[in-house]
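Enquirer: What follows is a structure written as structure tokens; I'll ask about it next.
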Amino acid sequence: MRIRMWDNNLKVRLVGEGLFNMLFWMYFPFITVYFGSALGHRAAGLMMTVPPIFAMLGSLIGGALADRFGRRPLMLAGALLQTAMFAVFAMSPSPWIDYLAFVGIGFGGAVYRPASSAMVADLVPAEERREAFATFATANNVGAVLGPALGAVFFFHYREALLWTCAAVLLLYFVAIFFLVRETMPASARRAKDATSIPRLFREQRREYGVIFRDRVFLVYMLAGVFALIPIMQLDLYLPVYMIEHVPTQALFPGLGETLRLTGTEVYGWIVGFNGLLFVLFILPATRWFGHWRERDVFILSSLLAGVGTFLVGLHSNLWYLFFVTILFTFGEMVRSPVTQSFISRYAPEHARAQYMAADSLQNTIGKFLAPVTVFLAGWLAPLGIFSLILLFSLVSIGLYVKLFRMDAAAQRTQ
């Protein structure tokens, strides 16, 4: 499905989200450093555990309301809230107000995302959703590659201008959604919802989420995803610790002398940049290569590549060897994302699509809470022990994915 054939809703969102993600990656990687220098590193470390909780609440609320009031109102609300919070951040005289604005930005983004993902599923045929989700991931990752390099200059030297630019871009995007994006909520879902009071609305949503979390197939899917994400998240957690402490300084091109030598810290920086470049260049081709694979097989391949690739990091410290294993664990992460969203859009009932997508985001939240256990255990276990534990997590996820699709097939036979 070529972009020029897309619905205008998707074209507007691809441009708007791609541009905003560029700006997002210009400030997000440096936010902990900023709060650490302003409030102290211990306080900053504790404070950064709060935004994921608000993001989780925002996602659940956004998903529930998007299935009742439509995708467009929630996307407008999320974009407007983020616009206001960026303006507060830009004008703030205090780092504490900065922090509240940062939490508000995350909450607004979380309200926006389930409706956004549900709109893609509403508009794109099931057989083309993987490629559509991969296209949005490509736009996001272009920002992840270029944003930090630009942000290293703009965030620290022109922070106020950068924040006002974020607010202006989001305001323009809000206007574009208002005038150019139409509602896509299925008619069946629209008929299923009646007007009601706010307290009753939240009681109903709590009951509906209860139904989702009692869905045994969905719970196994969630658990498998948490175990699969723990190895994937180590690029930002244990790998920098390992590379800084255990990867020696070495020449980038050994055959050309010792002129360009990289420390362990610099090696890690190159690995992160290479990871982002692979995403930008290959997520769409990889989605097409595996487009005819069953979802079960793609999930298993993803967990295997992510787990084995990360485990192999601990077996050698040569830079070019590390580039090779980066290809393995990056492809493990790369093939997973589009299939995750296409699975949920297929599995979820049409009237609860955004809610299921919101509940799906809890995999990432739970994973963020559990994945740092590798850094905590690094004080007691040797690197090979940590990497073996990471591999074990991926193997457990493979077992759970096998169980998931057996349960899913059995459920479809009984329908």
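In the structure tokens, chains take the letters A, B, ... in the order shown, each chain's residues start at 1, and ligands count up from 1 in the order shown.
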May I have the residues within 6 Å of range 320-336 of chain A as a PyMOL selection string, using only C-alpha atoms and disregarding those fewer than 5 positions away in the same chain?

Expert: chain A and resi 283+302+305-306+309

Enquirer: Residues of range 7-75 of chain A that approach range 348-367 of chain A to 6 Å or less, counting only C-alpha atoms: could you list each one with the shortest pair of atoms and its distance in Å to one decimal, rows by chain and increasing residue number, as a Markdown table?

Expert:
```
| residue | atom | partner | partner_atom | distance |
| --- | --- | --- | --- | --- |
| A:Ser59 | CA | A:Ala358 | CA | 5.2 |
| A:Leu60 | CA | A:Ala358 | CA | 5.2 |
| A:Gly63 | CA | A:Gln355 | CA | 4.2 |
| A:Ala64 | CA | A:Gln355 | CA | 5.1 |
| A:Asp67 | CA | A:Ala354 | CA | 5.8 |
```

Enquirer: Between A:Ile390, A:Ala187, A:Leu162, A:Val169, which residue has the minimum interatomic distance to Gln234 in chain A, considering only C-alpha atoms?

Expert: A:Ile390

Enquirer: Based on DSSP run over this structure's backbone, return all residues of range 133-295 of chain A in helix (DSSP H, G or I), as a ChimeraX atom specification.

Expert: /A:133-157,159-180,187-192,198-213,216-236,238-246,254-256,264-289,295

Enquirer: Write out as number ranges by chain the residues lying within 8 Å of range 243-248 of chain A, counting only C-alpha atoms and excluding same-chain residues fewer than 5 positions away.

Expert: A: 263-265, 267-268, 317-318

Enquirer: Restricting it to all heavy atoms, dump the selection as a PDB file, in the first residue's frame.

Expert:
```pdb
ATOM      1  N   THR A 263      36.750   4.880  23.013  1.00  0.00           N
ATOM      2  CA  THR A 263      36.603   4.334  24.356  1.00  0.00           C
ATOM      3  C   THR A 263      35.327   3.497  24.425  1.00  0.00           C
ATOM      4  O   THR A 263      34.509   3.504  23.501  1.00  0.00           O
ATOM      5  CB  THR A 263      36.522   5.463  25.393  1.00  0.00           C
ATOM      6  OG1 THR A 263      35.315   6.215  25.153  1.00  0.00           O
ATOM      7  CG2 THR A 263      37.733   6.398  25.296  1.00  0.00           C
ATOM      8  N   GLY A 264      35.134   2.800  25.541  1.00  0.00           N
ATOM      9  CA  GLY A 264      33.915   2.020  25.711  1.00  0.00           C
ATOM     10  C   GLY A 264      32.672   2.887  25.628  1.00  0.00           C
ATOM     11  O   GLY A 264      31.657   2.487  25.042  1.00  0.00           O
ATOM     12  N   THR A 265      32.727   4.087  26.192  1.00  0.00           N
ATOM     13  CA  THR A 265      31.598   5.017  26.121  1.00  0.00           C
ATOM     14  C   THR A 265      31.303   5.403  24.679  1.00  0.00           C
ATOM     15  O   THR A 265      30.141   5.448  24.251  1.00  0.00           O
ATOM     16  CB  THR A 265      31.895   6.283  26.948  1.00  0.00           C
ATOM     17  OG1 THR A 265      32.169   5.907  28.304  1.00  0.00           O
ATOM     18  CG2 THR A 265      30.723   7.248  26.910  1.00  0.00           C
ATOM     19  N   VAL A 267      32.156   3.675  21.997  1.00  0.00           N
ATOM     20  CA  VAL A 267      31.664   2.475  21.304  1.00  0.00           C
ATOM     21  C   VAL A 267      30.157   2.349  21.509  1.00  0.00           C
ATOM     22  O   VAL A 267      29.398   2.082  20.560  1.00  0.00           O
ATOM     23  CB  VAL A 267      32.381   1.210  21.813  1.00  0.00           C
ATOM     24  CG1 VAL A 267      31.661  -0.050  21.328  1.00  0.00           C
ATOM     25  CG2 VAL A 267      33.827   1.196  21.353  1.00  0.00           C
ATOM     26  N   TYR A 268      29.706   2.577  22.739  1.00  0.00           N
ATOM     27  CA  TYR A 268      28.267   2.508  23.008  1.00  0.00           C
ATOM     28  C   TYR A 268      27.512   3.545  22.175  1.00  0.00           C
ATOM     29  O   TYR A 268      26.453   3.247  21.618  1.00  0.00           O
ATOM     30  CB  TYR A 268      27.994   2.724  24.499  1.00  0.00           C
ATOM     31  CG  TYR A 268      26.526   2.841  24.805  1.00  0.00           C
ATOM     32  CD1 TYR A 268      25.680   1.737  24.698  1.00  0.00           C
ATOM     33  CD2 TYR A 268      25.970   4.068  25.178  1.00  0.00           C
ATOM     34  CE1 TYR A 268      24.324   1.854  24.954  1.00  0.00           C
ATOM     35  CE2 TYR A 268      24.618   4.185  25.433  1.00  0.00           C
ATOM     36  CZ  TYR A 268      23.803   3.077  25.321  1.00  0.00           C
ATOM     37  OH  TYR A 268      22.454   3.190  25.563  1.00  0.00           O
ATOM     38  N   SER A 317      34.509  -8.387  22.878  1.00  0.00           N
ATOM     39  CA  SER A 317      34.465  -6.932  22.990  1.00  0.00           C
ATOM     40  C   SER A 317      34.967  -6.214  21.744  1.00  0.00           C
ATOM     41  O   SER A 317      35.081  -4.988  21.739  1.00  0.00           O
ATOM     42  CB  SER A 317      35.297  -6.479  24.201  1.00  0.00           C
ATOM     43  OG  SER A 317      36.641  -6.890  24.062  1.00  0.00           O
ATOM     44  N   ASN A 318      35.258  -6.958  20.675  1.00  0.00           N
ATOM     45  CA  ASN A 318      35.707  -6.323  19.443  1.00  0.00           C
ATOM     46  C   ASN A 318      34.588  -5.460  18.849  1.00  0.00           C
ATOM     47  O   ASN A 318      33.429  -5.867  18.779  1.00  0.00           O
ATOM     48  CB  ASN A 318      36.133  -7.386  18.426  1.00  0.00           C
ATOM     49  CG  ASN A 318      36.543  -6.773  17.096  1.00  0.00           C
ATOM     50  OD1 ASN A 318      35.718  -6.627  16.200  1.00  0.00           O
ATOM     51  ND2 ASN A 318      37.805  -6.402  16.977  1.00  0.00           N
TER      52      ASN A 318
END
```
